[in-house]
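> This is the structure I want to talk about, given as structure tokens.
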Amino acid sequence: MAPLSAAQIVEHPEYQHVIWDLKPLKKGKVSVAKGRGGPIQIAYEIHGNGPTKIVPKKPRLFDSGFDHISNGTGRINVIRRLGLRRTLTSTATGTLKSAWQRQTKDFGHGQNTNRDQSNKYSCLIFDNRGIGESEKPLARYTTSEMAKDTLELIDDIGWTASRQLHIVGVSMGGMIAQELALMVPNKIASLSLVSTGPSIPKSIDAQLADVKTRMFTEEWLNQADAEGHFPTNGDRFAAQEVQKRQDINGFTRKGFLCQIAAAAFHHKSAKQLEDLGDKVGRQRIMVVHGTADNMITPPHGEVLCKELGGEERGVTKVIVQGRGHGLPMDWRKEFTKLIGGFVEKTQKL
């Protein structure tokens with residue numbers, strides 16, 4: 001089945017429901033980076049009120065530049081873009097906090113088993129500097145500065161106890177998570193590094209169709225929409241991309257390019273990753289990667305796991321056969337189960 005065009009996606013009745021209306025327990029903005037080029041307002045939401053804290057970070061790294069899409073009403077400026085007491089934290093480059101809506105629902109509301117999880121987990125989701133409802137200063141962004149933003153946000157909302165944070169970092173979010181864990185290793189209850197590495201491939205030139213093939217397998221893209229309504233999974237993903245690109249206030253050229261620069265210059269040496277493993281504790285670290293990841297290829301995950309200390313020293317490594325870069329979306333049920341199980345395991349350490 002041929003994928004829907006951007007114009008067909010905008011006209012599809014499901015397009016208005018691509019972003020789910022999940023009501024947060026709390027939302028607001030926090031000023032961070034005072035004395036570090038700020039203050040910068042970071043927009044956040046907390047879903048659920050349970051004792052297990054989750055902070056998801058999920059930027060996507062390699063969507064390219066800016067483009068325009070016409071939906072029949074004129075030209076729309078578009079940006080192509082690539083964050084639990086029980087706390088999970090994860091984040092990604094150029095990604096809105098709504099990109100975590102599946103995991104927000106699974107952990108902060110009702111799981112896809114329809115079990116209410118809101119009394120078990122508290123999930124913090126937020127827009128990194130340069131994206132969405134957060135401020136977008138023109139400055140040199142780095143993954144370490146974005147990790148400091150995350151830490152100041154977490155401190156402001158009062159998630160400050162020892163071994164309280166369950167961090168889930170996907171893609172560039174995994175890079176920010178590495179920086180965060182090095183800063184406050186004693187606050188980390190678990191660290192799940194998904195589809196990421198100690199550094200990234202430098203190419204960022206990808207069109208929307210190419211991004212889909214980089215992030216997901218062709219088999220999954222062509223399957224019937226897992227949420228219903230759209231013809232295929234690929235059409236739903238494209239709809240989310242189109243909707244994000246129509247947000248000319250949330251996605252600016254300035255903020256996007258600053259985030260890309262942060263990702264491009266991220267690098268953690270073997271010695272730094274060794275220190276991270278020592279300080280956080282290798283039994284608290286999990287590396288997850290799909291064998292069909294064409295965006296941050298599997299060798300990056302292998303190197304990350306090895307330099308953290310490897311399986312022989314206690315790092316958990318999960319290789320997902322036949323899956324691509326977008327594991328939280330195309331491997332949702334299994335991903336939720338994997339993260340939930342690792343959180344439960346590390347709670348006992």
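By order of appearance in the structure tokens: chains A, B, ..., then residues from 1 within every chain, and ligands from 1 in the order shown.
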So which bits of region 136-339 of chain A end up helix (DSSP H, G or I) when you DSSP the backbone, as a compact mmCIF listing (two decimals) with N, CA and C atoms, in the first residue's frame?

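What landed in result-v1.txt:
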```txt
# COMPACT_ATOMS: atom_id res chain seq x y z
N THR A 143 25.14 18.79 25.15
CA THR A 143 24.40 17.78 25.90
C THR A 143 24.63 17.95 27.40
N SER A 144 25.80 18.42 27.80
CA SER A 144 26.05 18.63 29.24
C SER A 144 25.22 19.79 29.77
N GLU A 145 25.07 20.87 28.99
CA GLU A 145 24.23 21.98 29.42
C GLU A 145 22.77 21.55 29.50
N MET A 146 22.32 20.73 28.55
CA MET A 146 20.94 20.25 28.58
C MET A 146 20.72 19.30 29.74
N ALA A 147 21.76 18.54 30.12
CA ALA A 147 21.65 17.69 31.31
C ALA A 147 21.54 18.55 32.57
N LYS A 148 22.26 19.66 32.62
CA LYS A 148 22.15 20.57 33.77
C LYS A 148 20.75 21.17 33.83
N ASP A 149 20.17 21.50 32.67
CA ASP A 149 18.78 21.96 32.65
C ASP A 149 17.87 20.91 33.29
N THR A 150 18.07 19.66 32.88
CA THR A 150 17.25 18.56 33.40
C THR A 150 17.39 18.45 34.91
N LEU A 151 18.62 18.52 35.39
CA LEU A 151 18.87 18.39 36.82
C LEU A 151 18.21 19.53 37.60
N GLU A 152 18.31 20.74 37.10
CA GLU A 152 17.69 21.87 37.79
C GLU A 152 16.17 21.75 37.80
N LEU A 153 15.60 21.24 36.72
CA LEU A 153 14.16 21.00 36.68
C LEU A 153 13.77 19.95 37.72
N ILE A 154 14.50 18.86 37.76
CA ILE A 154 14.20 17.78 38.71
C ILE A 154 14.32 18.28 40.14
N ASP A 155 15.35 19.06 40.41
CA ASP A 155 15.52 19.62 41.77
C ASP A 155 14.36 20.55 42.11
N ASP A 156 13.92 21.34 41.15
CA ASP A 156 12.84 22.30 41.40
C ASP A 156 11.55 21.60 41.77
N ILE A 157 11.25 20.47 41.14
CA ILE A 157 9.99 19.78 41.46
C ILE A 157 10.13 18.88 42.69
N MET A 172 19.39 11.02 21.10
CA MET A 172 20.14 12.07 21.77
C MET A 172 19.78 12.16 23.25
N GLY A 173 18.56 11.74 23.59
CA GLY A 173 18.17 11.69 24.99
C GLY A 173 19.07 10.78 25.79
N GLY A 174 19.55 9.70 25.15
CA GLY A 174 20.51 8.81 25.81
C GLY A 174 21.84 9.49 26.05
N MET A 175 22.21 10.41 25.18
CA MET A 175 23.45 11.16 25.35
C MET A 175 23.32 12.15 26.51
N ILE A 176 22.18 12.84 26.58
CA ILE A 176 21.94 13.73 27.70
C ILE A 176 21.88 12.93 29.00
N ALA A 177 21.28 11.74 28.94
CA ALA A 177 21.19 10.88 30.12
C ALA A 177 22.57 10.45 30.61
N GLN A 178 23.49 10.20 29.68
CA GLN A 178 24.87 9.88 30.09
C GLN A 178 25.47 11.03 30.89
N GLU A 179 25.29 12.25 30.37
CA GLU A 179 25.82 13.43 31.06
C GLU A 179 25.18 13.59 32.44
N LEU A 180 23.87 13.41 32.52
CA LEU A 180 23.16 13.55 33.78
C LEU A 180 23.65 12.53 34.81
N ALA A 181 23.84 11.30 34.37
CA ALA A 181 24.30 10.25 35.29
C ALA A 181 25.70 10.52 35.80
N LEU A 182 26.55 11.12 34.97
CA LEU A 182 27.90 11.47 35.43
C LEU A 182 27.85 12.60 36.45
N MET A 183 26.87 13.49 36.33
CA MET A 183 26.75 14.62 37.26
C MET A 183 26.25 14.18 38.63
N PRO A 185 25.47 10.64 39.97
CA PRO A 185 25.33 9.18 39.92
C PRO A 185 24.56 8.61 41.10
N ASN A 186 24.64 9.24 42.26
CA ASN A 186 23.97 8.70 43.44
C ASN A 186 22.46 8.92 43.43
N LYS A 187 21.97 9.74 42.49
CA LYS A 187 20.53 9.93 42.36
C LYS A 187 19.90 8.92 41.41
N LEU A 208 11.82 13.29 4.89
CA LEU A 208 10.82 12.62 5.73
C LEU A 208 10.70 11.14 5.42
N ALA A 209 10.62 10.79 4.15
CA ALA A 209 10.49 9.38 3.80
C ALA A 209 11.72 8.60 4.25
N ASP A 210 12.89 9.22 4.14
CA ASP A 210 14.12 8.56 4.55
C ASP A 210 14.17 8.41 6.06
N VAL A 211 13.66 9.40 6.79
CA VAL A 211 13.64 9.32 8.25
C VAL A 211 12.83 8.12 8.70
N LYS A 212 11.71 7.87 8.04
CA LYS A 212 10.89 6.71 8.41
C LYS A 212 11.69 5.41 8.27
N THR A 213 12.43 5.30 7.18
CA THR A 213 13.19 4.05 6.99
C THR A 213 14.39 3.97 7.91
N ARG A 214 14.91 5.11 8.34
CA ARG A 214 16.01 5.11 9.30
C ARG A 214 15.53 4.69 10.68
N MET A 215 14.31 5.09 11.03
CA MET A 215 13.82 4.86 12.39
C MET A 215 13.11 3.53 12.55
N GLU A 218 10.80 -1.64 7.45
CA GLU A 218 9.78 -1.55 6.41
C GLU A 218 8.57 -2.39 6.77
N GLU A 219 8.82 -3.54 7.39
CA GLU A 219 7.72 -4.43 7.80
C GLU A 219 6.77 -3.72 8.73
N TRP A 220 7.31 -3.04 9.76
CA TRP A 220 6.46 -2.35 10.73
C TRP A 220 5.74 -1.17 10.08
N LEU A 221 6.45 -0.40 9.25
CA LEU A 221 5.83 0.75 8.60
C LEU A 221 4.63 0.35 7.76
N ASN A 222 4.69 -0.83 7.14
CA ASN A 222 3.63 -1.26 6.24
C ASN A 222 2.49 -2.00 6.94
N ASN A 233 1.08 1.98 10.04
CA ASN A 233 1.92 2.60 11.07
C ASN A 233 2.73 3.76 10.49
N GLY A 234 3.22 3.56 9.27
CA GLY A 234 4.00 4.61 8.63
C GLY A 234 3.21 5.88 8.42
N ASP A 235 1.94 5.76 8.09
CA ASP A 235 1.10 6.94 7.91
C ASP A 235 0.89 7.68 9.24
N ARG A 236 0.72 6.94 10.33
CA ARG A 236 0.56 7.58 11.64
C ARG A 236 1.83 8.33 12.03
N PHE A 237 2.99 7.70 11.82
CA PHE A 237 4.25 8.38 12.13
C PHE A 237 4.38 9.65 11.30
N ALA A 238 4.07 9.55 10.02
CA ALA A 238 4.16 10.73 9.15
C ALA A 238 3.19 11.81 9.61
N ALA A 239 2.01 11.43 10.09
CA ALA A 239 1.04 12.41 10.57
C ALA A 239 1.58 13.17 11.77
N GLN A 240 2.25 12.46 12.69
CA GLN A 240 2.85 13.13 13.84
C GLN A 240 3.93 14.10 13.38
N GLU A 241 4.72 13.70 12.39
CA GLU A 241 5.75 14.58 11.86
C GLU A 241 5.15 15.83 11.23
N VAL A 242 4.10 15.66 10.42
CA VAL A 242 3.47 16.80 9.78
C VAL A 242 2.92 17.76 10.82
N GLN A 243 2.27 17.22 11.85
CA GLN A 243 1.68 18.08 12.88
C GLN A 243 2.75 18.87 13.62
N LYS A 244 3.87 18.22 13.94
CA LYS A 244 4.95 18.93 14.61
C LYS A 244 5.52 20.03 13.73
N ARG A 245 5.64 19.74 12.46
CA ARG A 245 6.24 20.71 11.55
C ARG A 245 5.34 21.91 11.29
N ARG A 253 13.93 27.54 13.40
CA ARG A 253 15.23 27.22 12.82
C ARG A 253 16.34 27.36 13.87
N LYS A 254 16.27 28.44 14.65
CA LYS A 254 17.29 28.71 15.66
C LYS A 254 17.38 27.58 16.68
N GLY A 255 16.25 27.22 17.27
CA GLY A 255 16.27 26.17 18.29
C GLY A 255 16.68 24.82 17.73
N PHE A 256 16.19 24.51 16.53
CA PHE A 256 16.52 23.23 15.92
C PHE A 256 18.01 23.11 15.66
N LEU A 257 18.61 24.15 15.07
CA LEU A 257 20.03 24.08 14.75
C LEU A 257 20.89 24.04 16.00
N CYS A 258 20.46 24.73 17.06
CA CYS A 258 21.21 24.68 18.32
C CYS A 258 21.18 23.27 18.92
N GLN A 259 20.02 22.59 18.82
CA GLN A 259 19.95 21.21 19.32
C GLN A 259 20.82 20.28 18.49
N ILE A 260 20.79 20.45 17.16
CA ILE A 260 21.61 19.62 16.29
C ILE A 260 23.09 19.78 16.64
N ALA A 261 23.52 21.01 16.93
CA ALA A 261 24.91 21.25 17.31
C ALA A 261 25.27 20.51 18.59
N ALA A 262 24.34 20.51 19.55
CA ALA A 262 24.58 19.79 20.81
C ALA A 262 24.80 18.31 20.55
N ALA A 263 23.97 17.73 19.69
CA ALA A 263 24.10 16.31 19.37
C ALA A 263 25.40 16.03 18.62
N ALA A 264 25.72 16.90 17.66
CA ALA A 264 26.88 16.66 16.82
C ALA A 264 28.18 16.66 17.61
N ALA A 270 36.03 6.58 26.53
CA ALA A 270 35.99 5.28 27.22
C ALA A 270 36.20 5.47 28.72
N LYS A 271 37.09 6.38 29.09
CA LYS A 271 37.36 6.64 30.52
C LYS A 271 36.14 7.24 31.20
N GLN A 272 35.47 8.16 30.54
CA GLN A 272 34.27 8.76 31.13
C GLN A 272 33.16 7.72 31.31
N LEU A 273 32.98 6.85 30.33
CA LEU A 273 31.97 5.81 30.45
C LEU A 273 32.34 4.78 31.51
N GLU A 274 33.61 4.50 31.65
CA GLU A 274 34.07 3.61 32.73
C GLU A 274 33.73 4.22 34.08
N ASP A 275 33.98 5.54 34.23
CA ASP A 275 33.66 6.24 35.48
C ASP A 275 32.15 6.22 35.72
N LEU A 276 31.36 6.40 34.65
CA LEU A 276 29.91 6.36 34.79
C LEU A 276 29.46 5.02 35.34
N GLY A 277 30.00 3.93 34.77
CA GLY A 277 29.66 2.59 35.26
C GLY A 277 30.05 2.39 36.71
N ASP A 278 31.23 2.90 37.08
CA ASP A 278 31.70 2.76 38.46
C ASP A 278 30.78 3.50 39.43
N LYS A 279 30.39 4.72 39.07
CA LYS A 279 29.68 5.59 39.99
C LYS A 279 28.18 5.28 40.08
N VAL A 280 27.56 4.98 38.96
CA VAL A 280 26.13 4.65 38.98
C VAL A 280 25.91 3.23 39.47
N ARG A 282 26.92 -0.78 37.65
CA ARG A 282 26.59 -1.40 36.36
C ARG A 282 25.31 -2.21 36.39
N GLN A 283 24.92 -2.70 37.56
CA GLN A 283 23.66 -3.44 37.64
C GLN A 283 22.46 -2.52 37.46
N ARG A 284 22.70 -1.21 37.49
CA ARG A 284 21.62 -0.23 37.31
C ARG A 284 21.55 0.29 35.88
N PRO A 298 23.71 -0.26 15.14
CA PRO A 298 23.99 -1.15 16.28
C PRO A 298 25.40 -1.12 16.83
N PRO A 299 26.45 -0.94 16.01
CA PRO A 299 27.80 -0.88 16.61
C PRO A 299 27.96 0.21 17.66
N HIS A 300 27.20 1.31 17.53
CA HIS A 300 27.27 2.35 18.56
C HIS A 300 26.80 1.82 19.91
N GLY A 301 25.72 1.04 19.90
CA GLY A 301 25.23 0.44 21.14
C GLY A 301 26.21 -0.57 21.70
N GLU A 302 26.85 -1.32 20.83
CA GLU A 302 27.84 -2.31 21.27
C GLU A 302 29.03 -1.62 21.95
N VAL A 303 29.51 -0.54 21.34
CA VAL A 303 30.62 0.21 21.92
C VAL A 303 30.22 0.81 23.26
N LEU A 304 29.01 1.38 23.32
CA LEU A 304 28.53 1.98 24.56
C LEU A 304 28.50 0.95 25.68
N CYS A 305 27.93 -0.21 25.40
CA CYS A 305 27.85 -1.27 26.42
C CYS A 305 29.24 -1.70 26.86
N LYS A 306 30.13 -1.92 25.91
CA LYS A 306 31.48 -2.37 26.23
C LYS A 306 32.22 -1.37 27.09
N GLU A 307 32.13 -0.07 26.73
CA GLU A 307 32.89 0.94 27.46
C GLU A 307 32.29 1.27 28.81
N LEU A 308 31.01 0.96 29.00
CA LEU A 308 30.40 1.08 30.34
C LEU A 308 30.86 -0.05 31.26
N GLU A 311 28.62 -6.68 29.62
CA GLU A 311 27.75 -7.62 30.33
C GLU A 311 28.49 -8.40 31.39
N GLU A 312 29.77 -8.70 31.14
CA GLU A 312 30.55 -9.50 32.09
C GLU A 312 30.75 -8.78 33.42
N ARG A 313 30.55 -7.46 33.43
CA ARG A 313 30.70 -6.69 34.67
C ARG A 313 29.35 -6.19 35.17
N LEU A 327 12.13 2.37 18.97
CA LEU A 327 11.63 1.27 19.79
C LEU A 327 10.43 1.63 20.66
N PRO A 328 10.38 2.81 21.29
CA PRO A 328 9.20 3.11 22.11
C PRO A 328 7.90 3.13 21.32
N MET A 329 7.97 3.27 20.01
CA MET A 329 6.77 3.32 19.20
C MET A 329 6.51 1.99 18.51
N ASP A 330 7.53 1.43 17.83
CA ASP A 330 7.27 0.23 17.04
C ASP A 330 7.43 -1.05 17.84
N ARG A 332 6.22 -1.09 21.25
CA ARG A 332 5.66 -0.43 22.43
C ARG A 332 5.38 -1.39 23.60
N LYS A 333 4.62 -2.44 23.38
CA LYS A 333 4.24 -3.31 24.49
C LYS A 333 5.46 -3.96 25.13
N GLU A 334 6.36 -4.45 24.28
CA GLU A 334 7.56 -5.09 24.80
C GLU A 334 8.46 -4.08 25.49
N PHE A 335 8.52 -2.85 24.93
CA PHE A 335 9.35 -1.80 25.52
C PHE A 335 8.83 -1.42 26.91
N THR A 336 7.52 -1.25 27.02
CA THR A 336 6.92 -0.94 28.32
C THR A 336 7.24 -2.04 29.34
N LYS A 337 7.11 -3.28 28.93
CA LYS A 337 7.40 -4.40 29.82
C LYS A 337 8.87 -4.45 30.22
N LEU A 338 9.75 -4.18 29.25
CA LEU A 338 11.19 -4.20 29.52
C LEU A 338 11.57 -3.11 30.52
N ILE A 339 11.12 -1.87 30.27
CA ILE A 339 11.45 -0.77 31.17
C ILE A 339 10.83 -0.99 32.55
```
> Mind giving me the straight-line distance from CA of His109 (chain A) to CA of Pro24 (chain A) in Å, one decimal?
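Pair CA of His109 (chain A) / CA of Pro24 (chain A) returns 9.3 Å.
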> May I ask which of the residues A:Arg323, A:Lys317, A:Arg36, A:His289 is the closest one to Arg140 (chain A), counting only C-alpha atoms?
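For Arg140 (chain A), the nearest of the given residues is A:Arg36.
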> Between CA of Val194 (chain A) and CA of Gly290 (chain A), what is the spacing in Å?
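Answer for the CA of Gly290 (chain A) to CA of Val194 (chain A) separation: 8.8 Å.
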> Rounded to one decimal in Å, what is the spacing between CA of Ile125 (chain A) and CA of Ile54 (chain A)?
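Separating CA of Ile125 (chain A) from CA of Ile54 (chain A) is a distance of 8.6 Å.
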> Find the residues near Leu124 (chain A): any atom within 6 Å, counting only C-alpha atoms, skip ones fewer than 6 places away on the same chain, and give them as a PyMOL selection string.
chain A and resi 45-46+55
